[in-house]
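Peer 1: Below is upload.cif; it holds mmCIF, C-alpha atoms.
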data_structure
loop_
_atom_site.label_atom_id
_atom_site.label_comp_id
_atom_site.auth_asym_id
_atom_site.auth_seq_id
_atom_site.Cartn_x
_atom_site.Cartn_y
_atom_site.Cartn_z
CA MET A 1380 140.63 68.76 39.59
CA ILE A 1381 138.94 67.64 36.36
CA THR A 1382 141.42 66.01 34.00
CA ASP A 1383 139.05 65.00 31.16
CA GLN A 1384 136.22 67.29 30.21
CA GLN A 1385 134.31 64.71 28.17
CA THR A 1386 134.08 62.03 30.88
CA GLY A 1387 134.44 64.31 33.90
CA THR A 1388 137.35 62.22 35.20
CA ARG A 1389 138.97 64.00 38.11
CA ILE A 1390 141.81 63.56 40.57
CA ASP A 1391 141.79 64.83 44.15
CA GLU A 1392 144.14 64.43 47.10
CA ILE A 1393 142.07 62.86 49.89
CA ALA A 1394 144.96 62.22 52.32
CA ALA A 1395 148.64 63.18 52.32
CA GLY A 1396 150.06 61.96 49.01
CA LEU A 1397 147.02 59.77 48.34
CA TYR A 1398 144.85 60.66 45.34
CA ARG A 1399 141.38 59.54 44.28
CA ILE A 1400 140.95 59.21 40.49
CA SER A 1401 137.24 59.07 39.67
CA THR A 1402 135.18 58.66 36.50
CA ARG A 1403 131.38 58.71 36.49
CA MET A 1404 129.44 56.32 34.25
CA ASP A 1405 125.72 55.81 33.62
CA VAL A 1406 125.64 52.10 34.43
CA VAL A 1407 122.78 52.45 36.95
CA PRO A 1408 120.01 55.05 37.21
CA GLY A 1409 121.43 58.22 38.70
CA GLY A 1410 124.99 57.34 37.70
CA PHE A 1411 127.90 55.62 39.39
CA THR A 1412 131.54 56.48 40.04
CA PHE A 1413 134.56 54.24 39.49
CA ASN A 1414 137.57 55.14 41.62
CA SER A 1415 141.25 54.28 41.53
CA TYR A 1416 143.73 55.43 44.16
CA LEU A 1417 147.26 56.65 43.49
CA ILE A 1418 149.75 56.73 46.36
CA GLU A 1419 152.90 58.83 45.98
CA ASP A 1420 156.18 57.56 47.45
CA GLU A 1421 159.55 56.22 46.32
CA GLU A 1422 157.68 53.25 44.83
CA PRO A 1423 154.31 54.73 43.80
CA LEU A 1424 151.29 52.45 43.94
CA LEU A 1425 147.99 52.35 42.05
CA PHE A 1426 145.09 50.55 43.70
CA HIS A 1427 142.55 49.57 41.03
CA THR A 1428 143.53 50.12 37.43
CA GLY A 1429 139.95 50.77 36.29
CA TYR A 1430 138.24 49.58 33.14
CA ARG A 1431 140.45 49.09 30.12
CA LYS A 1432 138.33 51.55 28.12
CA LEU A 1433 139.01 54.19 30.78
CA PHE A 1434 142.79 53.74 30.61
CA PRO A 1435 143.45 56.99 28.67
CA MET A 1436 141.54 58.97 31.30
CA THR A 1437 143.25 57.20 34.20
CA LEU A 1438 146.64 57.75 32.57
CA ALA A 1439 145.99 61.46 32.08
CA ALA A 1440 144.96 61.80 35.72
CA ILE A 1441 148.06 59.98 37.01
CA GLU A 1442 150.30 62.20 34.92
CA THR A 1443 149.02 65.34 36.62
CA VAL A 1444 150.88 64.02 39.68
CA MET A 1445 153.83 62.15 38.13
CA PRO A 1446 154.92 60.29 34.98
CA VAL A 1447 153.13 56.95 34.86
CA ALA A 1448 156.47 55.23 34.21
CA LYS A 1449 157.36 55.89 37.86
CA LEU A 1450 154.70 53.46 39.08
CA ARG A 1451 156.12 50.42 40.85
CA TRP A 1452 152.92 48.71 42.06
CA ALA A 1453 149.53 48.13 40.42
CA GLY A 1454 146.85 45.95 41.95
CA GLY A 1455 143.35 45.74 43.31
CA SER A 1456 140.92 44.21 45.73
CA HIS A 1457 139.59 41.33 43.61
CA PHE A 1458 139.61 40.27 39.99
CA GLU A 1459 136.88 42.12 38.11
CA SER A 1460 137.17 44.44 35.13
CA ASP A 1461 136.73 47.66 37.10
CA GLU A 1462 139.59 46.60 39.37
CA PHE A 1463 142.00 45.05 36.86
CA GLY A 1464 140.73 45.75 33.32
CA ALA A 1465 143.51 48.20 32.45
CA LEU A 1466 146.25 46.32 34.31
CA ASN A 1467 148.25 45.34 31.25
CA ASP A 1468 147.99 48.83 29.78
CA ILE A 1469 149.37 50.16 33.06
CA LEU A 1470 152.14 47.56 33.10
CA ALA A 1471 153.08 48.45 29.52
CA ALA A 1472 153.23 52.16 30.38
CA ALA A 1473 155.13 51.50 33.63
CA PRO A 1474 157.71 48.82 32.74
CA GLU A 1475 159.08 48.55 36.30
CA ALA A 1476 155.69 48.12 37.96
CA THR A 1477 154.67 44.84 39.60
CA ALA A 1478 151.07 43.65 39.60
CA PHE A 1479 149.74 42.47 42.96
CA GLY A 1480 146.70 40.91 44.57
CA ALA A 1481 145.75 38.20 47.04
CA GLU A 1482 147.61 34.91 46.76
CA VAL A 1483 144.34 33.27 45.71
CA GLY A 1484 143.77 35.95 43.07
CA VAL A 1485 147.25 35.46 41.66
CA MET A 1486 146.70 31.71 41.52
CA THR A 1487 143.26 31.88 39.88
CA SER A 1488 143.53 34.94 37.63
CA LEU A 1489 146.57 37.21 37.64
CA ASN A 1490 149.13 34.53 36.74
CA ASP A 1491 147.25 34.05 33.48
CA PHE A 1492 146.13 37.63 32.86
CA ALA A 1493 149.13 39.82 33.68
CA ILE A 1494 151.86 40.35 31.08
CA ARG A 1495 154.51 40.08 33.85
CA PRO A 1496 154.70 37.81 36.88
CA PRO A 1497 152.49 39.25 39.66
CA ARG A 1498 153.08 39.21 43.39
CA GLY A 1499 150.63 37.39 45.62
CA LEU A 1500 150.24 38.96 49.05
CA GLY A 1501 149.51 36.88 52.12
CA ASP A 1502 147.09 37.82 54.87
CA GLY A 1503 148.69 40.39 57.18
CA GLU A 1504 151.70 40.86 54.92
CA GLU A 1505 153.37 44.27 55.14
CA PHE A 1506 155.60 45.87 52.51
CA SER A 1507 157.27 49.23 52.09
CA ILE A 1508 156.80 51.56 49.15
CA GLY A 1509 159.30 54.05 50.56
CA ALA A 1510 158.41 56.13 53.59
CA ARG A 1511 155.04 54.37 53.75
CA LYS A 1512 154.29 50.88 54.92
CA MET A 1513 151.32 49.06 53.41
CA LYS A 1514 149.46 46.12 54.95
CA TRP A 1515 147.42 43.57 53.00
CA LEU A 1516 144.45 41.86 54.63
CA TYR A 1517 142.81 38.86 53.01
CA THR A 1518 139.03 39.36 53.22
CA PRO A 1519 137.44 36.47 51.29
CA HIS A 1520 133.85 37.18 50.21
CA VAL A 1521 133.85 40.60 51.93
CA PRO A 1522 131.93 41.94 50.25
CA HIS A 1523 132.40 39.39 47.44
CA GLY A 1524 135.05 37.34 45.71
CA TRP A 1525 137.10 34.39 46.96
CA ASP A 1526 140.20 36.44 46.14
CA CYS A 1527 139.08 39.62 47.89
CA GLY A 1528 141.56 41.64 49.92
CA ILE A 1529 142.00 45.14 51.30
CA LEU A 1530 145.06 47.38 51.50
CA PHE A 1531 145.82 49.56 54.52
CA ASP A 1532 148.14 52.56 54.41
CA LEU A 1533 149.58 52.66 57.92
CA SER A 1534 151.05 56.15 57.47
CA THR A 1535 147.73 57.92 56.83
CA GLY A 1536 145.32 55.42 58.39
CA THR A 1537 143.62 54.98 55.01
CA LEU A 1538 141.80 51.72 54.31
CA LEU A 1539 141.56 51.09 50.57
CA CYS A 1540 138.39 49.11 51.05
CA GLY A 1541 137.30 48.12 47.55
CA ASP A 1542 133.55 47.58 47.15
CA LEU A 1543 132.75 48.09 50.84
CA PHE A 1544 130.53 51.14 51.40
CA THR A 1545 129.62 51.45 47.73
CA GLN A 1546 127.52 54.57 47.16
CA PRO A 1547 125.49 55.29 44.00
CA GLY A 1548 125.40 58.68 42.33
CA ALA A 1549 127.24 60.58 39.61
CA ASN A 1550 128.31 63.81 41.30
CA MET A 1551 129.90 62.61 44.49
CA PRO A 1552 132.36 64.80 46.41
CA PRO A 1553 135.89 63.35 46.47
CA VAL A 1554 135.77 63.00 50.25
CA THR A 1555 132.99 63.43 52.79
CA GLU A 1556 132.72 63.57 56.56
CA SER A 1557 129.03 62.62 56.41
CA GLU A 1558 128.41 58.95 57.11
CA VAL A 1559 128.24 56.80 53.97
CA LEU A 1560 126.63 53.69 55.46
CA SER A 1561 123.05 54.81 54.76
CA ALA A 1562 123.74 55.35 51.05
CA SER A 1563 125.68 52.10 50.88
CA GLU A 1564 122.89 50.13 52.52
CA GLY A 1565 120.42 51.75 50.13
CA MET A 1566 122.52 50.46 47.25
CA ARG A 1567 122.67 46.99 48.78
CA GLY A 1568 118.91 47.01 49.16
CA GLN A 1569 118.53 47.53 45.41
CA MET A 1570 121.36 45.24 44.32
CA ASP A 1571 122.77 42.96 47.02
CA TYR A 1572 126.40 42.40 46.07
CA TYR A 1573 127.42 40.94 49.45
CA ALA A 1574 128.35 37.26 49.69
CA GLN A 1575 127.11 36.98 53.32
CA ALA A 1576 129.75 34.42 54.29
CA PRO A 1577 129.86 33.02 57.85
CA THR A 1578 133.15 34.86 58.45
CA THR A 1579 131.94 38.27 57.22
CA THR A 1580 131.24 39.96 60.54
CA GLY A 1581 134.50 38.71 62.04
CA ILE A 1582 136.45 40.14 59.10
CA LEU A 1583 134.68 43.49 59.45
CA HIS A 1584 135.56 43.65 63.15
CA ARG A 1585 139.17 42.87 62.28
CA LEU A 1586 139.21 45.77 59.82
CA ALA A 1587 137.59 48.01 62.43
CA ASP A 1588 140.43 47.19 64.83
CA LEU A 1589 142.79 49.00 62.44
CA ARG A 1590 140.94 52.23 63.39
CA PRO A 1591 141.04 53.71 59.89
CA SER A 1592 140.59 57.46 59.66
CA THR A 1593 139.78 57.37 55.94
CA LEU A 1594 137.83 54.79 53.95
CA ALA A 1595 138.92 54.93 50.30
CA CYS A 1596 135.82 53.46 48.63
CA GLN A 1597 135.90 52.26 45.04
CA HIS A 1598 132.46 53.66 44.28
CA GLY A 1599 131.26 56.99 45.65
CA SER A 1600 133.02 59.37 48.01
CA ALA A 1601 135.91 58.52 50.27
CA TYR A 1602 134.91 58.84 53.93
CA ARG A 1603 136.93 60.78 56.48
CA GLY A 1604 136.06 60.05 60.10
CA ASP A 1605 135.74 57.08 62.45
CA GLY A 1606 136.00 54.28 59.91
CA GLY A 1607 136.15 51.67 62.65
CA ALA A 1608 132.75 52.71 63.98
CA LEU A 1609 131.19 52.45 60.51
CA LEU A 1610 132.70 49.00 60.00
CA ARG A 1611 131.31 47.80 63.34
CA GLU A 1612 127.90 49.25 62.52
CA LEU A 1613 127.90 47.42 59.20
CA ALA A 1614 128.94 44.20 60.95
CA ALA A 1615 126.03 44.55 63.39
CA ILE A 1616 123.55 45.02 60.53
CA LEU A 1617 124.81 41.95 58.68
CA GLU A 1618 124.85 39.83 61.83
CA SER A 1619 121.27 40.79 62.63
CA GLU A 1620 120.26 39.74 59.12
CA ARG A 1621 121.97 36.36 59.58
CA ILE A 1622 120.17 35.79 62.88
CA ALA A 1623 116.83 36.72 61.31
CA GLU A 1624 117.44 34.31 58.43
CA ARG A 1625 118.21 31.46 60.84
CA VAL A 1626 114.99 32.13 62.75
CA VAL A 1627 112.92 32.13 59.54
CA SER A 1628 114.51 28.91 58.30
CA ARG A 1629 113.62 26.96 61.46
#
Just give me the structure as structure tokens.
Peer 2:
Amino acid sequence: MITDQQTGTRIDEIAAGLYRISTRMDVVPGGFTFNSYLIEDEEPLLFHTGYRKLFPMTLAAIETVMPVAKLRWAGGSHFESDEFGALNDILAAAPEATAFGAEVGVMTSLNDFAIRPPRGLGDGEEFSIGARKMKWLYTPHVPHGWDCGILFDLSTGTLLCGDLFTQPGANMPPVTESEVLSASEGMRGQMDYYAQAPTTTGILHRLADLRPSTLACQHGSAYRGDGGALLRELAAILESERIAERVVSR
């Protein structure tokens, strides 16, 4: 459903009680989407607050589902403006909400940035937002950022995977069952935003072991299908690149 005619911001339910809020912007040729995810429960959660300049559009989208003041959690994968730019606007509009991120992200950024004390989540930490249980996984440098982490909704099998599987394009369907790895790798070929850390493939296999049925990507469509298989395929591609680099450097 389109909630802002001027920007084309829309909100769509991609899993039970889990909504993708998406705004397209012309930051790269062909356009690009910026997604936040709203999870309904007793303690509603917003994953990625979006750019500060998009706050009015994000707010309007949230309020098609519930009053923003009901939010109790607001956080993101890693500290960049498209993940946390509107955090303080969200916290002001939702006075009982707590900001969250990785412990490293709280230490390096959120303690200074947020208008209220944030909560740093440890690797593997689980917390309840009502009927749902969420699990935080610390994923440093995957795909980038020392403070990077990923949130898993155990009730729907949805992996809120941040910048993993980023797909370019302006008119992306809210959710697709077509594989998204090809488009993501095309994007990486044009603009490599991966850190390529030694631990990357191991982290991707760990995420695959969760067997996610939905990948809630921050840019592009959410993917519904065998998320574990896509994560393992990505891991194999990155590992082959590392091996090739070692051979060349000898």
Peer 1: Between atom CA of A:Pro1474 and atom CA of A:Ala1448, what is the distance, to one decimal in Å?
Peer 2: 6.7 Å
Peer 1: In Å, with one decimal, what is the gap from atom CA of A:Phe1479 to atom CA of A:Gly1454?
Peer 2: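 Interatomic distance here is 4.6 Å.
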Peer 1: Once the PyMOL selection byres ((chain A and resi 1610) around 9) has been evaluated on this model, what residues remain selected, and can you format them as a list in words?
Peer 2: Leu1560, Leu1583, His1584, Leu1586, Ala1587, Asp1605, Gly1606, Gly1607, Ala1608, Leu1609, Arg1611, Glu1612, Leu1613, Ala1614 and Ala1615 of chain A
Peer 1: So, counting all atoms listed in the file, which residue among A:Gly1410, A:Gly1503, A:Pro1519, A:Pro1497 is closest to A:Leu1466?
Peer 2: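 Among A:Gly1410, A:Gly1503, A:Pro1519, A:Pro1497, it is A:Pro1497 that comes nearest to A:Leu1466.
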Peer 1: A:Asn1467: which residues within 12 Å, counting only C-alpha atoms, same-chain residues fewer than 3 positions away excluded, as a list of chain:residue names?
Peer 2: A:Thr1428, A:Gly1429, A:Tyr1430, A:Arg1431, A:Phe1434, A:Ala1453, A:Gly1454, A:Ser1460, A:Glu1462, A:Phe1463, A:Gly1464, A:Leu1470, A:Ala1471, A:Ala1472, A:Ala1473, A:Pro1474, A:Ala1476, A:Thr1477, A:Ala1478, A:Leu1489, A:Asp1491, A:Phe1492, A:Ala1493, A:Ile1494, A:Arg1495, A:Pro1496, A:Pro1497
Peer 1: In Å, rounded to a single decimal, give me how far atom CA of A:Gly1599 is from atom CA of A:Gly1501.
Peer 2: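 Straight-line distance from atom CA of A:Gly1501 to atom CA of A:Gly1599 works out to 27.9 Å.
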Peer 1: With all atoms listed in the file as the counted atoms, please give the residues lying no more than 8 Å from A:Trp1515, apart from itself and same-chain residues fewer than 6 positions off, as a PDB file with C-alpha atoms, in the coordinates of the input.
Peer 2:
ATOM      1  CA  LEU A1500     150.240  38.960  49.050  1.00  0.00           C
ATOM      2  CA  GLY A1501     149.510  36.880  52.120  1.00  0.00           C
ATOM      3  CA  ASP A1502     147.090  37.820  54.870  1.00  0.00           C
ATOM      4  CA  GLY A1503     148.690  40.390  57.180  1.00  0.00           C
ATOM      5  CA  GLU A1504     151.700  40.860  54.920  1.00  0.00           C
ATOM      6  CA  GLU A1505     153.370  44.270  55.140  1.00  0.00           C
ATOM      7  CA  GLY A1528     141.560  41.640  49.920  1.00  0.00           C
ATOM      8  CA  ILE A1529     142.000  45.140  51.300  1.00  0.00           C
ATOM      9  CA  LEU A1530     145.060  47.380  51.500  1.00  0.00           C
ATOM     10  CA  PHE A1531     145.820  49.560  54.520  1.00  0.00           C
TER      11      PHE A1531
END
Peer 1: Kindly indicate which residue among A:Arg1603, A:Thr1580, A:Met1436, A:Met1445 lies nearest to A:Glu1620, using all atoms listed in the file for the distances.
Peer 2: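 With all atoms listed in the file as the atom set, the closest residue is A:Thr1580.
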Peer 1: Starting from the shown file, work through the PyMOL selection byres ((chain A and resi 1438) around 10) and note down what comes out as a VMD selection string.
Peer 2: chain A and resid 1382 1400 1428 1433 to 1437 1439 to 1443 1446 to 1447 1468 to 1469 1472
Peer 1: For the structure just given, write the atoms of stretch 1472-1487 of chain A, namely all heavy atoms, as a tab-separated table (two decimals), in the first residue's frame.
Peer 2:
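Generated output (selection_21.tsv):
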chain	number	residue	atom	x	y	z
A	1472	ALA	N	9.02	10.54	19.18
A	1472	ALA	CA	7.62	10.23	18.88
A	1472	ALA	C	7.12	9.01	19.67
A	1472	ALA	O	5.92	8.83	19.84
A	1472	ALA	CB	7.45	9.98	17.39
A	1473	ALA	N	8.05	8.17	20.11
A	1473	ALA	CA	7.71	6.96	20.88
A	1473	ALA	C	8.48	7.00	22.19
A	1473	ALA	O	9.55	6.40	22.32
A	1473	ALA	CB	8.06	5.72	20.07
A	1474	PRO	N	7.98	7.72	23.19
A	1474	PRO	CA	8.76	8.00	24.40
A	1474	PRO	C	9.10	6.77	25.25
A	1474	PRO	O	9.95	6.86	26.13
A	1474	PRO	CB	7.87	8.97	25.18
A	1474	PRO	CG	6.51	8.83	24.60
A	1474	PRO	CD	6.69	8.43	23.19
A	1475	GLU	N	8.46	5.62	24.99
A	1475	GLU	CA	8.79	4.42	25.75
A	1475	GLU	C	9.66	3.45	24.96
A	1475	GLU	O	9.95	2.34	25.42
A	1475	GLU	CB	7.50	3.72	26.19
A	1475	GLU	CG	6.68	4.54	27.18
A	1475	GLU	CD	5.47	3.79	27.67
A	1475	GLU	OE1	5.65	2.71	28.28
A	1475	GLU	OE2	4.35	4.27	27.46
A	1476	ALA	N	10.11	3.87	23.78
A	1476	ALA	CA	10.94	3.00	22.95
A	1476	ALA	C	12.40	3.05	23.40
A	1476	ALA	O	12.91	4.09	23.83
A	1476	ALA	CB	10.84	3.41	21.49
A	1477	THR	N	13.08	1.91	23.27
A	1477	THR	CA	14.49	1.78	23.58
A	1477	THR	C	15.26	1.55	22.29
A	1477	THR	O	14.90	0.69	21.48
A	1477	THR	CB	14.74	0.59	24.53
A	1477	THR	OG1	14.06	0.84	25.76
A	1477	THR	CG2	16.23	0.41	24.81
A	1478	ALA	N	16.32	2.32	22.09
A	1478	ALA	CA	17.21	2.10	20.95
A	1478	ALA	C	18.07	0.87	21.22
A	1478	ALA	O	18.42	0.58	22.36
A	1478	ALA	CB	18.09	3.32	20.74
A	1479	PHE	N	18.43	0.15	20.14
A	1479	PHE	CA	19.27	-1.03	20.33
A	1479	PHE	C	20.20	-1.21	19.14
A	1479	PHE	O	19.96	-0.71	18.04
A	1479	PHE	CB	18.43	-2.30	20.53
A	1479	PHE	CG	17.70	-2.77	19.30
A	1479	PHE	CD1	18.30	-3.63	18.39
A	1479	PHE	CD2	16.40	-2.34	19.05
A	1479	PHE	CE1	17.62	-4.06	17.26
A	1479	PHE	CE2	15.72	-2.77	17.92
A	1479	PHE	CZ	16.33	-3.63	17.02
A	1480	GLY	N	21.26	-1.93	19.40
A	1480	GLY	CA	22.24	-2.29	18.38
A	1480	GLY	C	23.25	-3.22	19.01
A	1480	GLY	O	23.10	-3.65	20.15
A	1481	ALA	N	24.30	-3.55	18.26
A	1481	ALA	CA	25.35	-4.40	18.80
A	1481	ALA	C	26.05	-3.69	19.96
A	1481	ALA	O	26.09	-2.45	20.03
A	1481	ALA	CB	26.37	-4.74	17.72
A	1482	GLU	N	26.61	-4.46	20.86
A	1482	GLU	CA	27.34	-3.87	21.99
A	1482	GLU	C	28.43	-2.93	21.49
A	1482	GLU	O	28.63	-1.84	22.05
A	1482	GLU	CB	27.94	-4.97	22.86
A	1482	GLU	CG	26.91	-5.77	23.64
A	1482	GLU	CD	27.50	-6.95	24.37
A	1482	GLU	OE1	28.46	-7.57	23.86
A	1482	GLU	OE2	26.99	-7.27	25.46
A	1483	VAL	N	29.13	-3.33	20.43
A	1483	VAL	CA	30.17	-2.47	19.86
A	1483	VAL	C	29.57	-1.19	19.31
A	1483	VAL	O	30.12	-0.09	19.49
A	1483	VAL	CB	30.95	-3.22	18.76
A	1483	VAL	CG1	31.82	-2.27	17.96
A	1483	VAL	CG2	31.81	-4.33	19.36
A	1484	GLY	N	28.42	-1.29	18.65
A	1484	GLY	CA	27.77	-0.11	18.10
A	1484	GLY	C	27.29	0.84	19.18
A	1484	GLY	O	27.35	2.07	19.01
A	1485	VAL	N	26.82	0.30	20.28
A	1485	VAL	CA	26.41	1.16	21.40
A	1485	VAL	C	27.63	1.87	21.96
A	1485	VAL	O	27.60	3.08	22.24
A	1485	VAL	CB	25.70	0.31	22.48
A	1485	VAL	CG1	25.57	1.10	23.78
A	1485	VAL	CG2	24.32	-0.12	21.98
A	1486	MET	N	28.72	1.14	22.11
A	1486	MET	CA	29.94	1.72	22.67
A	1486	MET	C	30.51	2.82	21.77
A	1486	MET	O	30.91	3.89	22.25
A	1486	MET	CB	30.99	0.63	22.86
A	1486	MET	CG	32.33	1.13	23.38
A	1486	MET	SD	33.56	-0.20	23.51
A	1486	MET	CE	33.87	-0.60	21.78
A	1487	THR	N	30.52	2.59	20.46
A	1487	THR	CA	31.19	3.52	19.55
A	1487	THR	C	30.29	4.64	19.03
A	1487	THR	O	30.80	5.70	18.65
A	1487	THR	CB	31.75	2.77	18.33
A	1487	THR	OG1	30.68	2.09	17.65
A	1487	THR	CG2	32.80	1.76	18.75
